[in-house]
Amino acid sequence: MLKGIGAPTSKVGLIHSMFRPSDDACTLPFLIPSNLFAVAALRMLAKIHAEARHDTAAAADCIALADEVDAALKAHGQMDDGKGSKVWAFEVDGFGNAIFMDDANVPSLSALPLLGAAPRTDPLYRRTRALAWSTRNPYFFSGTAADGIGGPHKGLGMIWPMSIIVRAMTSDDDAEIRQCLKWLKTTDAGTGFIHESFDKDDPARFSRPWFAWANGLFGDLILDLERRRPALLAERF
């Protein structure tokens with residue numbers, strides 16, 4: 001759009017993104033999950049500067065930028081959920097326009113606790129996560145093989161296992177985690193690997209026979225469950 005510059009924005013203190021983590025171009029240039037991730041990362045970086053490098057000036061710069069983006073997120077990064085409450089938007093432009101969706105790739109709205117960007121018990125996050133896993137998200141797909149989130153990168157009806165992994169990692173409900181593990185096991189098309197995406201009704205139709213990001217994230221899930229829910233790993237699916 002606009003010869004590669006992207007859609008117009010009002011300069012409100014948010015950071016621009018040209019592309020989503022999925023490599024798809026942003027519709028509106030303020031990608032909220034990435035801005036939330038930036039705030040969390042800047043605060044972590046400030047701690048490193050202060051405690052490991054003893055560079056108080058650099059730490060102060062990180063905190064100042066984090067505070068600026070955080071204030072802009074609170075002012076411009078939320079939208080109505082249609083039920084009288086607020087949720088995080090996926091993208092905004094600073095003029096008051098926003099879109100709601102979620103993409104399977106991280107940083108995503110669903111994955112905010114994994115990025116240190118929100119506690120998993122935060123009500124705003126919980127509402128946003130629930131809406132992302134509903135028909136309000138145009139890239140949420142429910143099929144005979146599984147439910148999950150995809151994105152425009154691979155097309156409609158294509159679930160990314162990464163979204164199922166993130167759902168399990170951000171859940172404290174054994175039944176929900178168990179369902180995610182079942183979906184992950186039964187949608188590998190007999191290959192033993194986690195794929196980039198698969199058809200919601202036919203897991204044998206998948207993309208990328210080897211996708212390191214998704215397989216690595218699945219390893220994180222198993223280690224996470226070993227710490228949090230070891231009894232689930234003793235079950236057979």
# chains A, B, ... in the order shown; residues from 1 in each chain; ligands from 1
$ residues_around --residues "Asp23 of chain A" --least-positions-apart "2" --cutoff "10 Å" --atoms "only C-alpha atoms" --output "PyMOL selection string"
chain A and resi 18-21+25-26+105+152-153
$ write_last_selection --atoms "C-alpha atoms" --output "mmCIF file, in the first residue's frame"
data_model
loop_
_atom_site.group_PDB
_atom_site.id
_atom_site.type_symbol
_atom_site.label_atom_id
_atom_site.label_comp_id
_atom_site.auth_asym_id
_atom_site.auth_seq_id
_atom_site.Cartn_x
_atom_site.Cartn_y
_atom_site.Cartn_z
ATOM 1 C CA MET A 18 5.085 -3.615 7.954
ATOM 2 C CA PHE A 19 4.617 -7.367 8.284
ATOM 3 C CA ARG A 20 3.111 -9.826 10.739
ATOM 4 C CA PRO A 21 5.180 -12.750 12.125
ATOM 5 C CA ALA A 25 1.584 -7.586 5.238
ATOM 6 C CA CYS A 26 -0.196 -5.710 8.004
ATOM 7 C CA ASN A 105 2.304 -17.072 14.505
ATOM 8 C CA PRO A 152 -4.088 -15.568 5.395
ATOM 9 C CA HIS A 153 -0.599 -16.953 4.704
#
$ residues_around --residues "Asp173 of chain A" --least-positions-apart "6" --cutoff "12 Å" --atoms "only C-alpha atoms" --output "PDB file with N, CA, C and O atoms, in the first residue's frame"
ATOM      1  N   ARG A 167      -2.372 -22.531  22.734  1.00  0.00           N
ATOM      2  CA  ARG A 167      -3.582 -22.663  23.560  1.00  0.00           C
ATOM      3  C   ARG A 167      -3.293 -23.549  24.770  1.00  0.00           C
ATOM      4  O   ARG A 167      -3.706 -23.241  25.896  1.00  0.00           O
ATOM      5  N   GLN A 179      -7.376 -31.959  25.285  1.00  0.00           N
ATOM      6  CA  GLN A 179      -7.924 -31.864  23.938  1.00  0.00           C
ATOM      7  C   GLN A 179      -6.875 -31.378  22.943  1.00  0.00           C
ATOM      8  O   GLN A 179      -6.762 -31.887  21.823  1.00  0.00           O
ATOM      9  N   CYS A 180      -6.080 -30.402  23.348  1.00  0.00           N
ATOM     10  CA  CYS A 180      -5.020 -29.894  22.475  1.00  0.00           C
ATOM     11  C   CYS A 180      -4.002 -30.991  22.154  1.00  0.00           C
ATOM     12  O   CYS A 180      -3.553 -31.131  21.004  1.00  0.00           O
ATOM     13  N   LEU A 225       4.567 -28.756  30.285  1.00  0.00           N
ATOM     14  CA  LEU A 225       3.630 -29.650  30.956  1.00  0.00           C
ATOM     15  C   LEU A 225       4.328 -30.545  31.965  1.00  0.00           C
ATOM     16  O   LEU A 225       3.736 -30.922  32.981  1.00  0.00           O
ATOM     17  N   ARG A 228       4.239 -28.239  34.911  1.00  0.00           N
ATOM     18  CA  ARG A 228       2.932 -27.791  35.397  1.00  0.00           C
ATOM     19  C   ARG A 228       1.903 -28.900  35.550  1.00  0.00           C
ATOM     20  O   ARG A 228       1.086 -28.873  36.464  1.00  0.00           O
ATOM     21  N   ARG A 229       1.891 -29.852  34.632  1.00  0.00           N
ATOM     22  CA  ARG A 229       0.854 -30.882  34.592  1.00  0.00           C
ATOM     23  C   ARG A 229       1.459 -32.238  34.231  1.00  0.00           C
ATOM     24  O   ARG A 229       1.099 -32.837  33.206  1.00  0.00           O
ATOM     25  N   LEU A 232      -0.629 -35.331  33.046  1.00  0.00           N
ATOM     26  CA  LEU A 232      -1.169 -35.394  31.681  1.00  0.00           C
ATOM     27  C   LEU A 232      -0.231 -36.140  30.746  1.00  0.00           C
ATOM     28  O   LEU A 232      -0.682 -36.813  29.812  1.00  0.00           O
TER      29      LEU A 232
END
$ atom_distance --atom1 "atom CA of Asp172 of chain A" --atom2 "atom CA of Arg120 of chain A"
9.0 Å
$ closest_residue --among "A:Ser108, A:Ser85, A:Ser207, A:Ser171" --to "Asn35 of chain A" --atoms "only C-alpha atoms"
A:Ser108
$ closest_atom_pairs --of "segment 75-133 of chain A" --to "segment 41-64 of chain A" --cutoff "9 Å" --atoms "only C-alpha atoms" --output "CSV"
residue,atom,partner,partner_atom,distance
A:Leu115,CA,A:Ala41,CA,8.2
A:Gly116,CA,A:Ala41,CA,8.0
A:Ala117,CA,A:Ala41,CA,8.5
$ select_by_dssp --residues "segment 27-228 of chain A" --states "alpha helix (DSSP H)" --output "ChimeraX atom specification"
/A:32-51,56-76,123-132,161-169,174-186,212-228
$ closest_residue --among "A:Asp103, A:Asp188, A:Asp80, A:Asp174" --to "Pro230 of chain A" --atoms "only C-alpha atoms"
A:Asp174
$ residues_around --residues "segment 73-75 of chain A" --least-positions-apart "2" --cutoff "9 Å" --atoms "only C-alpha atoms" --output "list of chain:residue names"
A:Val12, A:Gly13, A:Leu14, A:Ile32, A:Asn35, A:Leu36, A:Glu68, A:Val69, A:Asp70, A:Ala71, A:Gly77, A:Gln78, A:Trp88
$ select_by_dssp --residues "segment 83-176 of chain A" --states "strand (DSSP E)" --output "list in words"
Lys86, Val87, Trp88, Glu91, Val92, Ala98, Ile99, Phe140, Phe141, Ser142, Asp147, Gly148, Ile149, Met158 and Ile159 of chain A
$ residues_around --residues "segment 199-205 of chain A" --least-positions-apart "4" --cutoff "10 Å" --atoms "only C-alpha atoms" --output "PyMOL selection string"
chain A and resi 141-150+154-160+186-191+195
$ write_last_selection --atoms "C-alpha atoms" --output "compact mmCIF listing (two decimals), in the first residue's frame"
# COMPACT_ATOMS: atom_id res chain seq x y z
CA PHE A 141 -11.40 -22.66 11.89
CA SER A 142 -13.42 -25.52 13.35
CA GLY A 143 -13.38 -28.82 11.49
CA THR A 144 -13.72 -32.56 11.88
CA ALA A 145 -9.98 -32.94 12.53
CA ALA A 146 -9.46 -30.07 15.00
CA ASP A 147 -10.20 -26.51 15.97
CA GLY A 148 -7.48 -23.91 15.58
CA ILE A 149 -6.28 -20.58 14.29
CA GLY A 150 -4.65 -20.10 10.92
CA LYS A 154 -1.81 -20.51 3.96
CA GLY A 155 -5.44 -19.79 3.19
CA LEU A 156 -8.87 -20.36 4.69
CA GLY A 157 -9.52 -23.63 6.48
CA MET A 158 -5.84 -24.29 7.18
CA ILE A 159 -5.12 -24.64 10.91
CA TRP A 160 -1.62 -23.96 12.21
CA THR A 186 -3.97 -37.04 15.50
CA THR A 187 -3.17 -34.36 12.90
CA ASP A 188 0.45 -35.21 12.04
CA ALA A 189 -0.70 -37.37 9.07
CA GLY A 190 1.38 -40.24 10.41
CA THR A 191 4.67 -38.39 9.91
CA HIS A 195 3.51 -29.29 10.39
$ closest_residue --among "A:Arg178, A:Lys3, A:Lys83, A:His76" --to "Leu131 of chain A" --atoms "only C-alpha atoms"
A:Lys83
